[in-house]
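Structure data follow from run.csv (CSV, C-alpha atoms and all ligand atoms):
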chain,number,residue,atom,x,y,z
A,1,MET,CA,87.3,130.0,15.4
A,2,LYS,CA,89.0,133.1,13.9
A,3,LEU,CA,87.0,134.6,11.1
A,4,GLU,CA,89.5,136.6,9.0
A,5,ASN,CA,93.1,137.1,10.0
A,6,PHE,CA,95.8,135.0,11.5
A,7,LYS,CA,98.4,137.0,13.4
A,8,VAL,CA,102.0,135.8,13.8
A,9,LEU,CA,104.7,137.3,15.9
A,10,MET,CA,108.3,136.4,14.9
A,11,LEU,CA,111.2,137.4,17.1
A,12,GLY,CA,114.8,137.7,15.9
A,13,ASP,CA,117.8,135.8,17.3
A,14,ALA,CA,117.9,136.2,21.1
A,15,ILE,CA,121.5,137.0,22.0
A,16,GLY,CA,122.4,135.3,25.3
A,17,THR,CA,121.0,136.2,28.7
A,18,PRO,CA,120.5,139.9,27.8
A,19,GLY,CA,118.5,138.9,24.7
A,20,LEU,CA,116.4,136.5,26.7
A,21,GLU,CA,115.8,139.2,29.4
A,22,GLN,CA,114.4,141.5,26.6
A,23,ILE,CA,111.9,138.8,25.7
A,24,TYR,CA,111.0,137.9,29.3
A,25,THR,CA,110.4,141.6,30.3
A,26,LYS,CA,108.7,142.8,27.1
A,27,LEU,CA,106.8,139.8,25.5
A,28,PRO,CA,104.1,139.4,28.1
A,29,ALA,CA,102.7,143.0,27.5
A,30,VAL,CA,103.0,142.6,23.7
A,31,LEU,CA,101.0,139.4,23.8
A,32,ARG,CA,98.4,141.0,26.1
A,33,GLU,CA,98.0,144.0,23.8
A,34,ASN,CA,97.9,142.1,20.5
A,35,ASP,CA,95.7,139.2,19.4
A,36,VAL,CA,98.5,136.9,18.4
A,37,ASP,CA,97.8,133.4,17.2
A,38,LEU,CA,101.3,132.0,16.8
A,39,VAL,CA,104.7,133.2,18.2
A,40,ILE,CA,108.0,132.0,16.6
A,41,ALA,CA,111.4,133.0,18.0
A,42,ASN,CA,114.9,132.2,16.8
A,43,GLY,CA,116.9,130.7,19.7
A,44,GLU,CA,120.3,129.8,18.0
A,45,ASN,CA,122.2,132.4,20.1
A,46,SER,CA,120.3,132.1,23.3
A,47,ASP,CA,122.9,130.2,25.3
A,48,GLU,CA,125.3,133.1,25.9
A,49,GLY,CA,125.6,133.6,22.2
A,50,PHE,CA,126.0,130.0,21.0
A,51,GLY,CA,123.3,127.4,20.8
A,52,ILE,CA,120.4,126.7,23.1
A,53,THR,CA,119.8,124.6,26.2
A,54,GLU,CA,116.7,122.6,27.1
A,55,ASP,CA,116.1,124.9,30.1
A,56,ILE,CA,116.1,127.9,27.8
A,57,PHE,CA,113.8,126.2,25.3
A,58,ASP,CA,111.4,125.4,28.2
A,59,GLN,CA,111.5,129.0,29.4
A,60,LEU,CA,110.8,130.4,26.0
A,61,THR,CA,107.8,128.1,25.6
A,62,ASP,CA,106.6,129.1,29.1
A,63,TYR,CA,106.6,132.7,27.9
A,64,GLY,CA,104.2,131.9,25.1
A,65,ILE,CA,106.6,131.1,22.2
A,66,ASP,CA,105.1,128.3,20.2
A,67,VAL,CA,107.9,127.3,17.9
A,68,VAL,CA,111.7,128.0,18.3
A,69,THR,CA,113.7,128.1,15.2
A,70,SER,CA,117.5,128.2,14.9
A,71,GLY,CA,120.4,128.3,12.5
A,72,ASN,CA,124.2,127.6,12.2
A,73,HIS,CA,124.8,128.0,15.9
A,74,ILE,CA,122.3,125.3,16.9
A,75,TRP,CA,125.1,122.7,17.0
A,76,SER,CA,127.3,124.7,19.5
A,77,ASN,CA,126.2,122.5,22.4
A,78,ALA,CA,127.1,118.8,22.5
A,79,ASP,CA,123.6,117.7,23.4
A,80,ALA,CA,121.9,119.7,20.6
A,81,GLY,CA,120.9,116.6,18.7
A,82,GLU,CA,119.3,115.1,21.8
A,83,ILE,CA,117.3,118.3,22.6
A,84,LEU,CA,116.2,118.5,19.0
A,85,GLU,CA,115.0,114.9,18.9
A,86,LYS,CA,113.0,115.4,22.1
A,87,ASN,CA,111.3,118.6,21.3
A,88,ASP,CA,109.1,118.7,18.3
A,89,ARG,CA,108.8,122.5,18.4
A,90,LEU,CA,112.5,123.2,18.4
A,91,LEU,CA,113.7,123.4,14.8
A,92,ARG,CA,117.0,123.3,13.1
A,93,PRO,CA,117.4,124.2,9.4
A,94,HIS,CA,115.9,121.4,7.5
A,95,ASN,CA,118.4,121.4,4.7
A,96,TYR,CA,121.2,120.0,6.9
A,97,TYR,CA,121.8,116.6,5.4
A,98,ASP,CA,121.0,113.6,7.7
A,99,ALA,CA,121.3,115.7,10.9
A,100,PRO,CA,119.4,115.0,14.1
A,101,GLY,CA,116.0,116.7,14.5
A,102,LYS,CA,114.0,118.4,11.8
A,103,GLY,CA,113.3,121.8,10.3
A,104,TRP,CA,109.5,121.8,10.2
A,105,TRP,CA,106.5,121.8,12.5
A,106,ARG,CA,102.8,121.5,11.6
A,107,GLY,CA,99.9,122.0,13.8
A,108,ILE,CA,96.3,123.2,14.0
A,109,VAL,CA,96.2,126.6,15.6
A,110,ASN,CA,92.8,128.2,16.2
A,111,ASP,CA,91.4,125.9,13.6
A,112,VAL,CA,94.0,126.8,11.0
A,113,ASP,CA,96.4,124.3,9.6
A,114,VAL,CA,99.8,126.0,10.0
A,115,GLY,CA,103.3,125.0,9.1
A,116,VAL,CA,106.6,126.5,10.2
A,117,VAL,CA,109.8,125.8,8.3
A,118,ASN,CA,113.5,126.6,9.2
A,119,LEU,CA,116.0,126.7,6.3
A,120,ILE,CA,119.6,127.9,6.1
A,121,GLY,CA,121.4,129.7,3.2
A,122,ARG,CA,124.4,128.5,1.1
A,123,TYR,CA,126.0,131.8,0.2
A,124,PHE,CA,128.9,132.9,2.6
A,125,MET,CA,127.9,129.9,4.8
A,126,THR,CA,128.8,126.3,5.1
A,127,PRO,CA,127.7,123.8,2.4
A,128,VAL,CA,124.2,122.3,2.9
A,129,ASP,CA,121.5,120.8,0.8
A,130,CYS,CA,119.6,123.1,-1.6
A,131,PRO,CA,117.0,125.2,0.4
A,132,PHE,CA,114.8,125.6,-2.6
A,133,GLN,CA,114.5,121.8,-3.3
A,134,THR,CA,114.2,121.1,0.5
A,135,LEU,CA,111.2,123.5,0.7
A,136,ALA,CA,109.6,122.2,-2.4
A,137,LYS,CA,109.8,118.6,-1.0
A,138,LEU,CA,108.3,119.7,2.3
A,139,LEU,CA,105.4,121.4,0.6
A,140,GLU,CA,104.7,118.3,-1.5
A,141,ASN,CA,104.9,115.9,1.5
A,142,GLU,CA,105.0,116.8,5.2
A,143,LEU,CA,103.3,120.2,4.7
A,144,SER,CA,101.0,119.2,1.8
A,145,GLY,CA,97.7,121.1,2.2
A,146,CYS,CA,98.9,123.5,4.9
A,147,LYS,CA,96.9,126.7,4.7
A,148,ILE,CA,99.6,128.9,6.2
A,149,VAL,CA,103.4,128.2,5.8
A,150,ILE,CA,105.9,130.5,7.4
A,151,VAL,CA,109.7,130.1,6.7
A,152,ASP,CA,112.6,131.3,8.8
A,153,PHE,CA,115.3,131.5,6.2
A,154,HIS,CA,118.6,131.8,8.2
A,155,ALA,CA,121.0,133.3,5.7
A,156,GLU,CA,123.7,135.8,5.1
A,157,TYR,CA,122.9,137.0,1.5
A,158,MET,CA,119.9,139.2,0.8
A,159,ASN,CA,119.6,138.0,-2.9
A,160,GLU,CA,119.4,134.4,-1.8
A,161,LYS,CA,116.7,135.2,0.8
A,162,LYS,CA,114.7,137.2,-1.7
A,163,ALA,CA,115.1,134.7,-4.5
A,164,LEU,CA,113.6,132.0,-2.3
A,165,ALA,CA,110.6,134.2,-1.4
A,166,ILE,CA,110.0,135.1,-5.0
A,167,ASP,CA,110.4,131.5,-6.2
A,168,PHE,CA,107.7,130.4,-3.8
A,169,ASP,CA,105.6,133.5,-4.2
A,170,GLY,CA,101.9,132.4,-3.8
A,171,LYS,CA,102.9,129.0,-2.5
A,172,ILE,CA,103.8,130.0,1.0
A,173,SER,CA,102.6,132.8,3.3
A,174,PHE,CA,105.9,134.4,4.4
A,175,VAL,CA,109.7,134.3,4.3
A,176,ALA,CA,111.4,135.9,7.2
A,177,GLY,CA,115.2,136.3,7.1
A,178,THR,CA,117.3,135.8,10.2
A,179,HIS,CA,121.1,135.5,11.0
A,180,THR,CA,122.4,139.0,10.3
A,181,HIS,CA,120.9,140.3,13.6
A,182,VAL,CA,120.1,143.6,11.8
A,183,GLN,CA,116.5,144.5,11.3
A,184,THR,CA,115.9,145.6,7.7
A,185,ALA,CA,113.2,148.0,6.4
A,186,ASP,CA,112.5,146.2,3.2
A,187,GLU,CA,109.3,144.3,4.2
A,188,VAL,CA,107.2,143.6,1.1
A,189,ILE,CA,104.2,141.6,-0.1
A,190,PHE,CA,105.0,140.1,-3.5
A,191,ARG,CA,102.5,140.0,-6.3
A,192,ASN,CA,101.1,136.6,-5.5
A,193,GLY,CA,100.7,137.2,-1.8
A,194,THR,CA,103.9,135.9,-0.1
A,195,GLY,CA,105.3,138.4,2.4
A,196,TYR,CA,109.0,138.9,2.9
A,197,ILE,CA,111.6,140.7,5.0
A,198,THR,CA,115.4,140.3,4.7
A,199,ASP,CA,116.0,140.3,8.4
A,200,ILE,CA,113.6,140.6,11.4
A,201,GLY,CA,116.4,141.8,13.7
A,202,MET,CA,117.5,140.4,17.1
A,203,CYS,CA,116.7,140.5,20.8
A,204,GLY,CA,119.6,141.9,22.8
A,205,GLY,CA,122.0,144.9,23.0
A,206,ILE,CA,121.8,147.0,19.9
A,207,ASP,CA,124.8,149.2,20.7
A,208,SER,CA,127.0,146.3,19.7
A,209,ILE,CA,128.2,144.3,16.8
A,210,ILE,CA,125.8,141.4,16.1
A,211,GLY,CA,124.6,141.7,19.7
A,212,MET,CA,128.0,141.0,21.2
A,213,GLU,CA,130.1,143.4,23.3
A,214,ARG,CA,132.0,145.5,20.9
A,215,SER,CA,135.6,145.0,22.1
A,216,ALA,CA,136.0,141.3,21.1
A,217,ILE,CA,134.6,141.9,17.6
A,218,LEU,CA,136.7,145.0,17.1
A,219,GLN,CA,139.8,142.9,17.9
A,220,LYS,CA,138.7,140.3,15.5
A,221,ILE,CA,137.9,142.6,12.6
A,222,ARG,CA,140.8,144.9,13.0
A,223,ARG,CA,143.6,142.4,14.0
A,224,GLN,CA,142.2,138.9,13.5
A,225,VAL,CA,142.8,138.4,17.2
A,226,THR,CA,140.1,136.1,18.6
A,227,GLN,CA,138.7,136.8,22.1
A,228,PRO,CA,135.6,135.3,23.7
A,229,TYR,CA,132.4,137.0,22.5
A,230,ILE,CA,130.1,138.2,25.4
A,231,PRO,CA,126.5,139.2,24.8
A,232,SER,CA,125.9,142.9,25.0
A,233,VAL,CA,123.5,144.6,27.4
A,234,GLU,CA,123.8,148.0,25.8
A,235,ASN,CA,120.6,149.6,24.5
A,236,GLY,CA,118.5,146.4,24.7
A,237,LYS,CA,115.7,145.8,22.2
A,238,MET,CA,113.2,143.1,21.4
A,239,GLN,CA,112.9,143.0,17.6
A,240,GLY,CA,110.8,141.1,15.3
A,241,ILE,CA,107.7,141.4,13.1
A,242,PHE,CA,103.9,141.0,13.2
A,243,ILE,CA,102.5,139.3,10.2
A,244,ASP,CA,98.7,139.4,9.3
A,245,ILE,CA,97.7,136.5,7.1
A,246,ASP,CA,94.4,135.9,5.4
A,247,ILE,CA,93.2,132.5,6.7
A,248,LYS,CA,91.2,131.7,3.6
A,249,SER,CA,94.0,132.2,1.0
A,250,GLY,CA,97.1,131.9,3.2
A,251,LYS,CA,98.4,135.2,1.7
A,252,THR,CA,100.1,137.9,3.7
A,253,LEU,CA,97.9,141.0,4.3
A,254,GLY,CA,100.2,143.1,6.4
A,255,ILE,CA,103.7,143.3,8.0
A,256,THR,CA,104.6,145.5,10.9
A,257,ARG,CA,108.1,145.7,12.3
A,258,LEU,CA,108.6,145.7,16.1
A,259,SER,CA,111.6,147.2,17.8
A,260,ILE,CA,111.0,148.0,21.5
A,301,FE,FE,122.1,134.4,15.0
A,302,FE,FE,123.2,132.5,12.5

In structure tokens, write the structure found in this file.
Amino acid sequence: MKLENFKVLMLGDAIGTPGLEQIYTKLPAVLRENDVDLVIANGENSDEGFGITEDIFDQLTDYGIDVVTSGNHIWSNADAGEILEKNDRLLRPHNYYDAPGKGWWRGIVNDVDVGVVNLIGRYFMTPVDCPFQTLAKLLENELSGCKIVIVDFHAEYMNEKKALAIDFDGKISFVAGTHTHVQTADEVIFRNGTGYITDIGMCGGIDSIIGMERSAILQKIRRQVTQPYIPSVENGKMQGIFIDIDIKSGKTLGITRLSI
């Protein structure tokens, strides 16, 4: 049994094969060197930028990732619903209405009752159920009594991400933003103990736009000409955060950004 701290590693969206390669080559040493209890990674872009396959999910879990979260791109592959229904540790944002799969996982990890939640934002994104009400209902029901609750809030708008963290300050352990693929330097522990960062970053080529080869996105932004997006291999990084959580209170004690 762990006596004090519970350590979580969260990895940002893995962008296609180059992103997965970053994880496969760098994660084993990171796990050897750090006493990590739970690893969470966002897999929504892992299948060449769009969605995830069952093979990729299996590989990620083989590499020590415990829970795979996702976001708007989870639905890119036709069998997404089937994969979600089959795999308890593959999450989609829980505030999609009446969709296959679910957006929460609960388990006992090193004697600690831990919950992971995946939500998606509503600003500059497609219409979905209210993430605030969805989280409140989960905490009242499926995750009632959970000592540690970590949320991957997949959203575009910083104010919305921070508002959710502040609304649930003291009720959950951490809110980690994903979706923008840009690691922010605004990690903070709010007054009642909930930790927060606007975006944990991505795994993939950083010399890019959102992890994709620059040419197609330049064409899109400059001329509205759509070309296929190809995951970038330029200046590959594995990005994410370590979170130290007090196992007695469930409050965040420390946040350390990772970009290697
Ligand atoms: Fe993404
Ligand atoms: Fe996304």

*Who sits within 9 Å of Leu9 in chain A, only C-alpha atoms, same chain under 3 positions skipped, as a ChimeraX atom specification*: /A:31,36-41,240-243

*asked:* What does the list of residues within 12 Å of ligand FE 301 (chain A) look like if you count all atoms listed in the file, written as an MDAnalysis selection string?
replied: chainID A and resid 11:16 19 41:52 69:74 76 120 152:156 177:182 199:204 209:212 231

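Among A:Ile172, A:Ala29, A:Asp88, A:Asn95, the residue with the shortest atom-to-atom distance to Thr126 in chain A, counting all atoms listed in the file, is A:Asn95.
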
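The neighbours of range 252-254 of chain A here are the residues that come within 10 Å of it, using all atoms listed in the file and leaving out any residue fewer than 2 positions away in the same chain; they are A:Asn5, A:Phe6, A:Lys7, A:Ile148, A:Gly170, A:Ile172, A:Ser173, A:Phe174, A:Glu187, A:Val188, A:Ile189, A:Phe190, A:Asn192, A:Gly193, A:Thr194, A:Gly195, A:Tyr196, A:Phe242, A:Ile243, A:Asp244, A:Ile245, A:Asp246, A:Ile247, A:Ser249, A:Gly250, A:Thr256.
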
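For the point (103.0, 126.9, 6.7), the residues with at least one atom inside 6 Å, counting only C-alpha atoms, are Val114, Gly115, Val116, Cys146, Ile148, Val149 and Ile150 of chain A.
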
*Hey, what's within 6 Å of range 99-102 of chain A if we count only C-alpha atoms and toss same-chain stuff fewer than 5 positions away? As a ChimeraX atom specification, please?*
/A:81,84-85,91-92,94

*Neighbours of Glu54 in chain A within 10 Å (only C-alpha atoms; same-chain residues fewer than 5 positions away dropped), as a list in words?*
Asp47, Gln59, Leu60, Asp79, Ala80, Glu82, Ile83, Leu84, Lys86, Asn87 and Leu90 of chain A

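Considering only C-alpha atoms, the residue among A:Val151, A:Ile56, A:Val117, A:Leu258 positioned nearest to Met238 in chain A is A:Leu258.
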
*Please, what distance in Å, to one decimal, runs between CA of Asn110 in chain A and CA of Asp35 in chain A?*
11.8 Å

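When only C-alpha atoms and all ligand atoms are used to compute distances to ligand FE 302 (chain A), the closest of the residues A:Ser259, A:Glu4, A:Trp75, A:Phe57 turns out to be A:Trp75.
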
*asked:* So the first atom is CA of Val30 in chain A and the second is CA of Arg89 in chain A; what is the distance between them in Å, to one decimal place?
replied: 21.6 Å

*Please, what distance in Å, to one decimal, runs between CA of Asn118 in chain A and CA of Ala185 in chain A?*
21.6 Å
